Structure formats: C-alpha cells, structure tokens
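For reference, work-v7.cif is printed below; it contains mmCIF, C-alpha atoms.
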data_coords
#
loop_
_atom_site.group_PDB
_atom_site.id
_atom_site.type_symbol
_atom_site.label_atom_id
_atom_site.label_comp_id
_atom_site.auth_asym_id
_atom_site.auth_seq_id
_atom_site.Cartn_x
_atom_site.Cartn_y
_atom_site.Cartn_z
ATOM 1 C CA MET A 436 0.000 0.000 0.000
ATOM 2 C CA ALA A 437 1.439 3.369 -1.029
ATOM 3 C CA ILE A 438 2.024 5.895 1.758
ATOM 4 C CA ARG A 439 1.688 9.604 1.131
ATOM 5 C CA LEU A 440 1.786 12.130 3.955
ATOM 6 C CA GLY A 441 0.604 15.614 3.132
ATOM 7 C CA ARG A 442 -0.985 17.981 5.600
ATOM 8 C CA ILE A 443 -0.722 16.422 9.085
ATOM 9 C CA TYR A 444 -3.798 17.942 10.670
ATOM 10 C CA THR A 445 -7.088 16.934 9.047
ATOM 11 C CA ARG A 446 -9.729 17.888 11.660
ATOM 12 C CA THR A 447 -11.449 14.569 10.903
ATOM 13 C CA GLY A 448 -10.838 13.298 14.433
ATOM 14 C CA ASP A 449 -12.249 16.289 16.272
ATOM 15 C CA LYS A 450 -15.440 14.394 17.119
ATOM 16 C CA GLY A 451 -13.667 11.568 18.951
ATOM 17 C CA THR A 452 -13.358 9.032 16.163
ATOM 18 C CA THR A 453 -10.566 8.007 13.827
ATOM 19 C CA ALA A 454 -10.362 6.087 10.562
ATOM 20 C CA LEU A 455 -8.856 2.635 10.327
ATOM 21 C CA VAL A 456 -7.282 1.236 7.173
ATOM 22 C CA GLY A 457 -10.207 0.746 4.789
ATOM 23 C CA GLY A 458 -12.064 3.843 5.986
ATOM 24 C CA LYS A 459 -14.088 2.474 8.906
ATOM 25 C CA ARG A 460 -14.349 5.039 11.730
ATOM 26 C CA VAL A 461 -14.128 3.909 15.357
ATOM 27 C CA PRO A 462 -13.963 5.669 18.754
ATOM 28 C CA LYS A 463 -10.475 6.822 19.674
ATOM 29 C CA GLU A 464 -10.639 4.818 22.903
ATOM 30 C CA SER A 465 -11.518 1.564 21.126
ATOM 31 C CA ALA A 466 -9.512 -1.587 21.839
ATOM 32 C CA ARG A 467 -7.920 -1.505 18.390
ATOM 33 C CA LEU A 468 -6.636 2.040 18.851
ATOM 34 C CA GLU A 469 -5.407 1.276 22.365
ATOM 35 C CA ALA A 470 -3.453 -1.658 20.951
ATOM 36 C CA TYR A 471 -1.677 0.178 18.166
ATOM 37 C CA GLY A 472 -1.304 3.350 20.236
ATOM 38 C CA THR A 473 0.535 1.386 22.929
ATOM 39 C CA THR A 474 2.679 -0.194 20.217
ATOM 40 C CA ASP A 475 3.574 3.316 19.055
ATOM 41 C CA GLU A 476 4.491 4.260 22.640
ATOM 42 C CA LEU A 477 6.764 1.223 22.834
ATOM 43 C CA ASN A 478 8.429 2.187 19.563
ATOM 44 C CA SER A 479 9.135 5.664 20.941
ATOM 45 C CA ILE A 480 10.952 4.259 23.977
ATOM 46 C CA ILE A 481 13.084 1.994 21.813
ATOM 47 C CA GLY A 482 13.874 5.151 19.843
ATOM 48 C CA ILE A 483 15.218 6.675 23.062
ATOM 49 C CA VAL A 484 17.417 3.622 23.598
ATOM 50 C CA ARG A 485 18.785 3.975 20.061
ATOM 51 C CA SER A 486 19.447 7.666 20.622
ATOM 52 C CA TYR A 487 21.605 6.942 23.683
ATOM 53 C CA LEU A 488 23.286 3.893 22.175
ATOM 54 C CA PRO A 489 26.254 5.598 20.420
ATOM 55 C CA GLN A 490 27.487 6.829 23.810
ATOM 56 C CA TYR A 491 28.046 3.188 24.795
ATOM 57 C CA SER A 492 29.661 1.896 21.623
ATOM 58 C CA ASP A 493 33.001 1.206 23.330
ATOM 59 C CA GLY A 494 31.395 -0.871 26.069
ATOM 60 C CA LEU A 495 29.354 -2.893 23.592
ATOM 61 C CA GLY A 496 32.460 -3.521 21.525
ATOM 62 C CA ALA A 497 32.271 -5.545 18.327
ATOM 63 C CA ASP A 498 28.555 -6.213 18.884
ATOM 64 C CA PHE A 499 27.589 -2.530 18.829
ATOM 65 C CA GLU A 500 26.619 -2.477 15.147
ATOM 66 C CA ARG A 501 24.742 -5.779 15.360
ATOM 67 C CA TYR A 502 22.792 -4.643 18.414
ATOM 68 C CA SER A 503 22.070 -1.234 16.915
ATOM 69 C CA GLU A 504 20.776 -2.895 13.754
ATOM 70 C CA SER A 505 18.544 -5.243 15.757
ATOM 71 C CA LEU A 506 16.903 -2.246 17.459
ATOM 72 C CA ARG A 507 16.401 -0.552 14.084
ATOM 73 C CA ARG A 508 14.794 -3.725 12.751
ATOM 74 C CA ILE A 509 12.537 -4.034 15.796
ATOM 75 C CA GLN A 510 11.359 -0.437 15.365
ATOM 76 C CA ASN A 511 10.412 -1.205 11.768
ATOM 77 C CA GLU A 512 8.676 -4.405 12.832
ATOM 78 C CA LEU A 513 6.682 -2.475 15.426
ATOM 79 C CA PHE A 514 5.475 -0.202 12.622
ATOM 80 C CA ASP A 515 4.345 -3.367 10.846
ATOM 81 C CA VAL A 516 2.545 -4.461 14.025
ATOM 82 C CA GLY A 517 0.848 -1.073 14.303
ATOM 83 C CA SER A 518 -0.171 -1.124 10.645
ATOM 84 C CA GLU A 519 -1.668 -4.598 11.012
ATOM 85 C CA LEU A 520 -3.540 -3.584 14.165
ATOM 86 C CA ALA A 521 -4.904 -0.528 12.350
ATOM 87 C CA THR A 522 -6.381 -2.795 9.668
ATOM 88 C CA PRO A 523 -9.648 -4.551 10.571
ATOM 89 C CA PRO A 524 -10.543 -7.794 8.755
ATOM 90 C CA ASP A 525 -12.760 -5.944 6.264
ATOM 91 C CA GLY A 526 -9.960 -3.496 5.497
ATOM 92 C CA GLU A 527 -7.305 -6.030 4.514
ATOM 93 C CA TYR A 528 -5.781 -5.613 1.058
ATOM 94 C CA PRO A 529 -3.641 -7.654 -1.377
ATOM 95 C CA GLN A 530 0.042 -8.040 -0.441
ATOM 96 C CA MET A 531 -0.691 -6.772 3.080
ATOM 97 C CA HIS A 532 2.199 -7.697 5.378
ATOM 98 C CA LYS A 533 1.362 -9.756 8.455
ATOM 99 C CA MET A 534 3.672 -10.716 11.287
ATOM 100 C CA GLY A 535 4.779 -14.315 10.916
ATOM 101 C CA ALA A 536 6.904 -17.090 12.356
ATOM 102 C CA GLY A 537 10.079 -15.651 10.803
ATOM 103 C CA GLU A 538 10.071 -12.507 12.925
ATOM 104 C CA ILE A 539 9.366 -14.563 16.049
ATOM 105 C CA LYS A 540 12.185 -17.051 15.372
ATOM 106 C CA LEU A 541 14.678 -14.241 14.840
ATOM 107 C CA LEU A 542 13.840 -12.736 18.243
ATOM 108 C CA GLU A 543 14.270 -16.165 19.839
ATOM 109 C CA ALA A 544 17.631 -16.713 18.117
ATOM 110 C CA GLU A 545 18.887 -13.339 19.331
ATOM 111 C CA MET A 546 17.749 -14.115 22.878
ATOM 112 C CA ASP A 547 19.556 -17.453 22.794
ATOM 113 C CA ALA A 548 22.773 -15.747 21.675
ATOM 114 C CA MET A 549 22.613 -13.090 24.408
ATOM 115 C CA GLU A 550 21.742 -15.579 27.148
ATOM 116 C CA LYS A 551 24.912 -17.583 26.443
ATOM 117 C CA GLU A 552 26.844 -14.697 28.029
ATOM 118 C CA LEU A 553 24.632 -14.399 31.112
ATOM 119 C CA GLU A 554 24.624 -16.146 34.475
ATOM 120 C CA PRO A 555 21.341 -17.807 35.512
ATOM 121 C CA LEU A 556 19.174 -15.565 37.677
ATOM 122 C CA LYS A 557 18.590 -16.423 41.339
ATOM 123 C CA SER A 558 16.095 -13.612 41.853
ATOM 124 C CA PHE A 559 14.065 -11.125 39.836
ATOM 125 C CA THR A 560 15.898 -8.045 38.592
ATOM 126 C CA LEU A 561 14.956 -4.473 39.426
ATOM 127 C CA PRO A 562 14.850 -1.893 36.617
ATOM 128 C CA GLY A 563 17.831 0.450 36.656
ATOM 129 C CA GLY A 564 21.566 0.255 37.087
ATOM 130 C CA GLY A 565 22.254 2.377 34.031
ATOM 131 C CA VAL A 566 20.499 4.628 31.529
ATOM 132 C CA LEU A 567 20.133 2.022 28.787
ATOM 133 C CA ASN A 568 19.055 -0.643 31.280
ATOM 134 C CA ALA A 569 16.373 1.635 32.725
ATOM 135 C CA PHE A 570 14.923 2.608 29.338
ATOM 136 C CA ILE A 571 15.002 -0.989 28.093
ATOM 137 C CA HIS A 572 13.023 -2.038 31.179
ATOM 138 C CA GLN A 573 10.547 0.763 30.517
ATOM 139 C CA ALA A 574 10.168 -0.555 26.970
ATOM 140 C CA ARG A 575 9.639 -4.060 28.371
ATOM 141 C CA THR A 576 6.797 -2.965 30.656
ATOM 142 C CA VAL A 577 5.077 -1.021 27.863
ATOM 143 C CA CYS A 578 5.489 -4.072 25.630
ATOM 144 C CA ARG A 579 3.662 -6.150 28.244
ATOM 145 C CA ARG A 580 0.867 -3.579 28.247
ATOM 146 C CA ALA A 581 0.718 -3.719 24.442
ATOM 147 C CA GLU A 582 0.325 -7.493 24.683
ATOM 148 C CA ARG A 583 -2.536 -7.103 27.160
ATOM 149 C CA GLN A 584 -4.225 -4.609 24.838
ATOM 150 C CA CYS A 585 -3.842 -7.041 21.931
ATOM 151 C CA TRP A 586 -5.485 -9.804 23.935
ATOM 152 C CA ARG A 587 -8.312 -7.459 24.887
ATOM 153 C CA LEU A 588 -8.818 -6.729 21.188
ATOM 154 C CA LYS A 589 -8.698 -10.421 20.301
ATOM 155 C CA ARG A 590 -11.572 -11.075 22.719
ATOM 156 C CA GLU A 591 -13.665 -8.717 20.568
ATOM 157 C CA GLU A 592 -12.533 -9.505 17.029
ATOM 158 C CA ASP A 593 -10.080 -11.691 15.191
ATOM 159 C CA ILE A 594 -6.427 -10.675 14.926
ATOM 160 C CA ASN A 595 -3.322 -12.528 13.781
ATOM 161 C CA ASP A 596 -2.054 -15.020 16.408
ATOM 162 C CA ASN A 597 1.547 -14.497 15.279
ATOM 163 C CA LEU A 598 1.223 -10.779 15.992
ATOM 164 C CA ILE A 599 0.448 -11.436 19.666
ATOM 165 C CA ILE A 600 3.173 -14.081 19.911
ATOM 166 C CA TYR A 601 5.643 -11.576 18.430
ATOM 167 C CA VAL A 602 4.743 -8.947 21.040
ATOM 168 C CA ASN A 603 5.113 -11.534 23.801
ATOM 169 C CA ARG A 604 8.550 -12.621 22.545
ATOM 170 C CA LEU A 605 9.626 -9.027 22.202
ATOM 171 C CA SER A 606 8.929 -8.371 25.892
ATOM 172 C CA ASP A 607 11.164 -11.358 26.736
ATOM 173 C CA HIS A 608 13.764 -10.080 24.260
ATOM 174 C CA LEU A 609 13.803 -6.697 25.970
ATOM 175 C CA PHE A 610 14.317 -8.352 29.355
ATOM 176 C CA VAL A 611 17.283 -10.333 28.058
ATOM 177 C CA GLN A 612 18.587 -7.188 26.353
ATOM 178 C CA SER A 613 18.574 -5.327 29.673
ATOM 179 C CA ARG A 614 20.720 -8.012 31.309
ATOM 180 C CA TRP A 615 23.052 -8.339 28.312
ATOM 181 C CA VAL A 616 23.595 -4.588 28.100
ATOM 182 C CA ALA A 617 24.284 -4.364 31.848
ATOM 183 C CA LYS A 618 26.874 -7.145 31.616
ATOM 184 C CA ARG A 619 28.582 -5.696 28.552
ATOM 185 C CA LEU A 620 28.794 -2.243 30.166
ATOM 186 C CA GLY A 621 29.969 -3.613 33.507
ATOM 187 C CA GLU A 622 26.960 -2.163 35.324
ATOM 188 C CA ARG A 623 25.567 -3.594 38.520
ATOM 189 C CA GLU A 624 22.436 -5.691 38.176
ATOM 190 C CA PHE A 625 20.049 -4.943 41.033
ATOM 191 C CA LEU A 626 18.149 -7.958 42.313
ATOM 192 C CA TRP A 627 14.851 -8.170 44.177
ATOM 193 C CA ASP A 628 16.007 -8.822 47.735
ATOM 194 C CA ARG A 629 12.838 -9.441 49.748
ATOM 195 C CA ALA A 630 14.115 -12.788 51.038
ATOM 196 C CA LEU A 631 17.422 -11.181 51.962
ATOM 197 C CA ARG A 632 15.692 -8.342 53.798
ATOM 198 C CA ILE A 633 13.446 -10.723 55.717
ATOM 199 C CA GLU A 634 16.465 -12.731 56.877
ATOM 200 C CA GLU A 635 18.360 -9.561 57.786
ATOM 201 C CA ASN A 636 15.400 -8.312 59.833
ATOM 202 C CA LYS A 637 15.317 -11.624 61.707
ATOM 203 C CA ARG A 638 19.010 -11.378 62.517
ATOM 204 C CA THR A 639 18.573 -7.791 63.714
ATOM 205 C CA ALA A 640 15.645 -8.785 65.938
ATOM 206 C CA ARG A 641 17.604 -11.702 67.447
ATOM 207 C CA ALA A 642 20.586 -9.460 68.108
ATOM 208 C CA ALA A 643 18.381 -6.855 69.811
ATOM 209 C CA LYS A 644 16.854 -9.477 72.098
ATOM 210 C CA SER A 645 20.267 -10.798 73.111
ATOM 211 C CA LYS A 646 21.575 -7.373 74.204
ATOM 212 C CA PRO A 647 21.479 -6.747 77.990
ATOM 213 C CA GLY A 648 19.213 -3.854 79.000
ATOM 214 C CA ARG A 649 20.753 -0.588 80.146
ATOM 215 C CA SER A 650 20.581 0.184 83.826
ATOM 216 C CA ARG A 651 18.306 2.981 84.945
ATOM 217 C CA GLY A 652 21.050 4.123 87.263
ATOM 218 C CA SER A 653 23.659 4.644 84.562
ATOM 219 C CA ALA A 654 25.555 7.880 84.291
ATOM 220 C CA ASN A 655 23.523 8.892 81.247
ATOM 221 C CA SER A 656 20.136 8.598 82.905
#

Could you express the structure from this file as structure tokens?
Amino acid sequence: MAIRLGRIYTRTGDKGTTALVGGKRVPKESARLEAYGTTDELNSIIGIVRSYLPQYSDGLGADFERYSESLRRIQNELFDVGSELATPPDGEYPQMHKMGAGEIKLLEAEMDAMEKELEPLKSFTLPGGGVLNAFIHQARTVCRRAERQCWRLKREEDINDNLIIYVNRLSDHLFVQSRWVAKRLGEREFLWDRALRIEENKRTARAAKSKPGRSRGSANS
C-alpha cells in the first residue's frame, strides 16, 4: 500500500473518532486504537534507547553495530505491528504484510545468543543500574501492556495469532537485552532482595533481644 503524507492535521478526528485502514471510523478509545497506540508508545521508547546507544559503543564492543541494527529492525517491525492492528478484517488488502513465524524465530535466536553470556538468575531483577538498562526495562513494561491490549482486542474480534506471539517474545527479548547490556557495560544488576531483607530483619531482631538492657542508674540517665 502506497504511503503519502501531506498535511498532518485533518480535523477529521475532532469528534472523537478516527479512521482505520479501509475507511471504517471507530472511537479513539476503542480496543484496536489502544493496541496500536501502545505499540507506538513502545516504539518511541526503543527510539530513546537507540538515541543513547552511540554513547556506549566502546562498552558494547564488536557487537555494537549488530545490536544497533537489531533495534532498528525491531522499530520497523513495530510499525508493521501497528499497521496490522490498524487494519480490521474488512480493510485487509492484497500483499498486506502480516507478522509471521520468521520474525518470532529471529527474536528467539537473538535471545539465545545473548543468554549464552549471562549467568542464571537467582532472583528477579529491578529496573535500573544504568540509563540504557532503565529505558530498556521501561520498553519491556510497555510491551507487556501492548500485549494485554492485543489480547483485549482479540476477545472482541479476530487478529493474527503471530502478531500477539511476536509482542510476547519481544517483551522477553527486551528483558534479556537489559541483562546483556548491563553485563557488557559492567553495570551492577540490582536484584529483588525481599528474602534477603526478611532474613536480615530476623538477625537484627535476634541481636536486639540478646543485648542486655541498660541500667536505669547509669551515668547517662
């Protein structure tokens, strides 16, 4: 389908509806718009990651170009996801691109390659530790929301199963990315430490009980 962008404002959405591919108008808060709007939000955050990336080229070493290219590809694929979500079944057209098994397998292959460099986790990770890590985690959480919006849409009307699987794999990919980037840049990986804190609190309580009480007649009373 040819794309031609002329004047950006059209005033056609001033009444709270927008046109899908094929011309059908739907409310702006509809499940379909929420799904592709959240996908657009995700794409914007990955754009932030790409904008910061050149500052870390030395730390990423020989894999900088490969990683940068994978983010560029993912941004383009997210446009494909958004385009597909903006096209209802009655608006589909010949040669329309749909997300397929190939895109999913590539994400899985990239995850497998990154995980070979990582130690197994013994706890959940906390977002943060570095700028790229923090933004990648933000992208991951928005990707999870996009997946939930896609499932909400699928409860109402049919959408491509591979599209939802792709979004699910991408959230996993972003999680692995965050760990891989942290390791490559030598940044600390913060772990969820609830079990550690509970044990520490127990030790503190036991130590407090074992201390002898201070005499009321001490010099400081």

Reference answer for the PyMOL selection byres ((chain A and resi 588-603) around 10), as a count of residues only: 43

Two-atom distance - CA of Gly564 (chain A), CA of Tyr487 (chain A) (Å): 15.0 Å

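With CA of Val577 (chain A) on one side and CA of Leu609 (chain A) on the other, the separation reads 10.6 Å.
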
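Of the residues under consideration (A:Gln573, A:Thr453, A:Gln612, A:Asn568), A:Gln573 shows the shortest atom-to-atom contact distance to Ser479 (chain A) when counting only C-alpha atoms.
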
Give the centre and edge lengths of an axis-aligned box, in Å to one decimal, that holds all listed atoms of region 599-618 of chain A with 5 Å on each side, as JSON.
{"center_x": 13.7, "center_y": -9.2, "center_z": 25.1, "size_x": 36.4, "size_y": 19.7, "size_z": 23.4}

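Ranking A:Glu545, A:Glu624, A:Asp475, A:Glu500 by their shortest atom-to-atom distance to Ala521 (chain A), with only C-alpha atoms included, puts A:Asp475 first.
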
Selection result of the PyMOL selection byres ((chain A and resi 490-497) around 12) on this file, as a ChimeraX atom specification: /A:484-489,498-503,565-568,612,615-622

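Here the question is which of A:Ser645, A:Thr560, A:Thr473, A:Thr639 gets nearest to Phe514 (chain A) using all atoms listed in the file, and that residue is A:Thr473.
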
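The gap separating CA of Thr576 (chain A) from CA of Gly472 (chain A) is 14.6 Å, in Å to one decimal.
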